[in-house]
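Before any comments, here is the structure.
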There are 2 protein chains.
Amino acid sequence: MTTTDMTTAGRDGAVRNGVDTATLFATLDAVKQAPEAARFQFRAHNEWVSGTHNRTTIADYFGVGEERTHEHTFVFDADHPAVLVGQDHAPTPVEFVLHALAACLTAGLANIAASRRVKLTEVRSTVTGDIDLNGILGLNPDVRNGYERVSVRFTVKGDAPAEKLREIVAQSQARSAVYDIITNRVPVTIEVETA
Amino acid sequence: MTTTDMTTAGRDGAVRNGVDTATLFATLDAVKQAPEAARFQFRAHNEWVSGTHNRTTIADYFGVGEERTHEHTFVFDADHPAVLVGQDHAPTPVEFVLHALAACLTAGLANIAASRRVKLTEVRSTVTGDIDLNGILGLNPDVRNGYERVSVRFTVKGDAPAEKLREIVAQSQARSAVYDIITNRVPVTIEVETA
């Protein structure tokens, strides 16, 4: 998600790293004037296909005071590999969590670098998640269901010293929505309609 | 992820809900004999494209004692919509988290129903996540970066009474990897290479 740095005077209006900093700061100023514009609701609509295979549609969301739709309707499957009793039609749900984390941190990095007048030339990352399936298989009550740990390894290159590039990654971490979701608790409610 | 129910005798070997229950229980028995087979590492490789747009490749993982690859290499983009200073090439990172949750709960539901000899005819869900972007925009220190709350609404139909269908959803929640990741803390480490 958008991650910015209010403490730095990067307001030269340039497009840097593909980020239109004039629009970025205009958005910040608009939300400062009308904080309720920042209330968003994102949504995913899922339909079971067969076995561990199911399909999610992402299109509508609420934000800046009104119902909105993405420019395209996005459809993603999920499945298990054969070794986990699936057909491997798509990645597992837990792999999509790793994608979300990498994507969130990387988007933030580009925005923050732009606001700090740093031109990036390369950003790559590998995210790994270690999981002991004795948890979800119900075979060991001492093993949690989810990841035991997640590791992110970034390679970042740009026209700034290593220390500054590291500070930009640290700021992205400090303002990442998905990092917060994974490292802290989010309340989840589940309702069931059966007819 | 795979979610099963060891307390019920669903061991008739039937294929139900697209789940080969013979394979499901054989997998459980194999892991009971060799618990270390259940140690998996999932991975996502991300590359920045421009601005908030980036791309993840999912292919390799470790499990059942060896390096493995999915049958296909899966590629997913992420981006922000224009209202969040992006180009809307793909969903936002936080929307992929909702996809992951819906997919994980639904895969578990199908497995558990199969093991309890319940034939499902329809499973649909809508997952919503409420987020106040004053957090990631750095405009209000009292607002968290991630979702304030996530809600899942399931519609489940099958050849069992409503109460039994609800119990199956509850068991899927109790054994869901992504539900655990979102509702509890996962430690995340971030390393940065700059040259």
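Simple scheme: letters A, B, ... for chains in structure tokens order, numbers from 1 for residues in each chain, numbers from 1 for ligands in the order shown.
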* **Spatial neighbours of Ser50 of chain B, 8 Å, only C-alpha atoms, chain gap at least 5 places, as a PyMOL selection string** => chain A and resi 17-19+110
Selected residues written out with all heavy atoms, as an mmCIF file, in the first residue's frame:
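So out_19.cif came out as:
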data_model
loop_
_atom_site.group_PDB
_atom_site.id
_atom_site.type_symbol
_atom_site.label_atom_id
_atom_site.label_comp_id
_atom_site.auth_asym_id
_atom_site.auth_seq_id
_atom_site.Cartn_x
_atom_site.Cartn_y
_atom_site.Cartn_z
ATOM 1 N N ASN A 17 10.798 7.075 -10.170
ATOM 2 C CA ASN A 17 10.489 5.649 -9.944
ATOM 3 C C ASN A 17 9.083 5.296 -10.441
ATOM 4 O O ASN A 17 8.461 4.371 -9.940
ATOM 5 C CB ASN A 17 10.604 5.291 -8.453
ATOM 6 C CG ASN A 17 11.963 5.653 -7.876
ATOM 7 O OD1 ASN A 17 12.969 5.569 -8.568
ATOM 8 N ND2 ASN A 17 11.975 6.080 -6.625
ATOM 9 N N GLY A 18 8.594 6.072 -11.418
ATOM 10 C CA GLY A 18 7.227 5.841 -11.884
ATOM 11 C C GLY A 18 6.184 6.391 -10.938
ATOM 12 O O GLY A 18 4.987 6.174 -11.135
ATOM 13 N N VAL A 19 6.613 7.110 -9.910
ATOM 14 C CA VAL A 19 5.700 7.707 -8.932
ATOM 15 C C VAL A 19 5.566 9.191 -9.238
ATOM 16 O O VAL A 19 6.562 9.919 -9.248
ATOM 17 C CB VAL A 19 6.233 7.533 -7.490
ATOM 18 C CG1 VAL A 19 5.294 8.204 -6.491
ATOM 19 C CG2 VAL A 19 6.432 6.059 -7.167
ATOM 20 N N ALA A 110 9.096 2.115 -3.374
ATOM 21 C CA ALA A 110 9.135 2.998 -4.549
ATOM 22 C C ALA A 110 8.593 4.378 -4.207
ATOM 23 O O ALA A 110 9.163 5.399 -4.619
ATOM 24 C CB ALA A 110 8.335 2.369 -5.695
#
* Can you list, as a VMD selection string, all residues belonging to segment 11-173 of chain A that DSSP tags as strand (DSSP E)? => chain A and resid 15 to 16 19 to 20 39 to 50 53 to 63 66 to 78 120 to 132 149 to 158
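Going from atom CA of Ala195 of chain B to atom CA of Val156 of chain A covers 7.4 Å.
Put simply, atom CA of Asp180 of chain B is 17.4 Å away from atom CA of Ser151 of chain A.
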* Residue neighbourhood Asp132 of chain A, 8 Å, only C-alpha atoms, exclusion window fewer than 3 positions, as a ChimeraX atom specification -> /A:135,143-145,147-148 /B:38-40
* Please give the complete set of residues from chain B that DSSP, run on the backbone, assigns to alpha helix (DSSP H), formatted as JSON, numbers by chain. => {"B": [21, 22, 23, 24, 25, 26, 27, 28, 29, 30, 31, 32, 33, 93, 94, 95, 96, 97, 98, 99, 100, 101, 102, 103, 104, 105, 106, 107, 108, 109, 110, 111, 112, 113, 114, 115, 162, 163, 164, 165, 166, 167, 168, 169, 170, 171, 172, 173, 174, 177, 178, 179, 180, 181, 182, 183]}
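Remark: for Ile136 of chain B, the closest of the candidate residues A:Val186, A:Val83, A:Val49, A:Cys104 is A:Cys104 (distances computed over only C-alpha atoms).
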* Taking into account only C-alpha atoms, which residue in the set B:Val64, B:Ile112, B:Ala107, B:Leu98 is nearest to Ala78 of chain A? -> B:Ala107
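Closest approach to chain B among A:Glu167, A:Asp79, A:Asp130, A:Asp20 is made by A:Asp130 (distances from only C-alpha atoms).
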* **Selected residue, from A:Arg43, A:Gln87, A:His72, A:Gln171, that lies nearest to chain B when counting only C-alpha atoms** => A:Arg43
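Using only C-alpha atoms, the shortest contact distance between Arg153 of chain B and any of B:Gln41, B:Thr126, B:Asn46, B:Asn54 is found at B:Thr126.
In this comparison, which uses only C-alpha atoms, the residue of A:Glu66, A:Asp60, A:Asp159, A:Glu122 approaching chain B most closely is A:Glu122.
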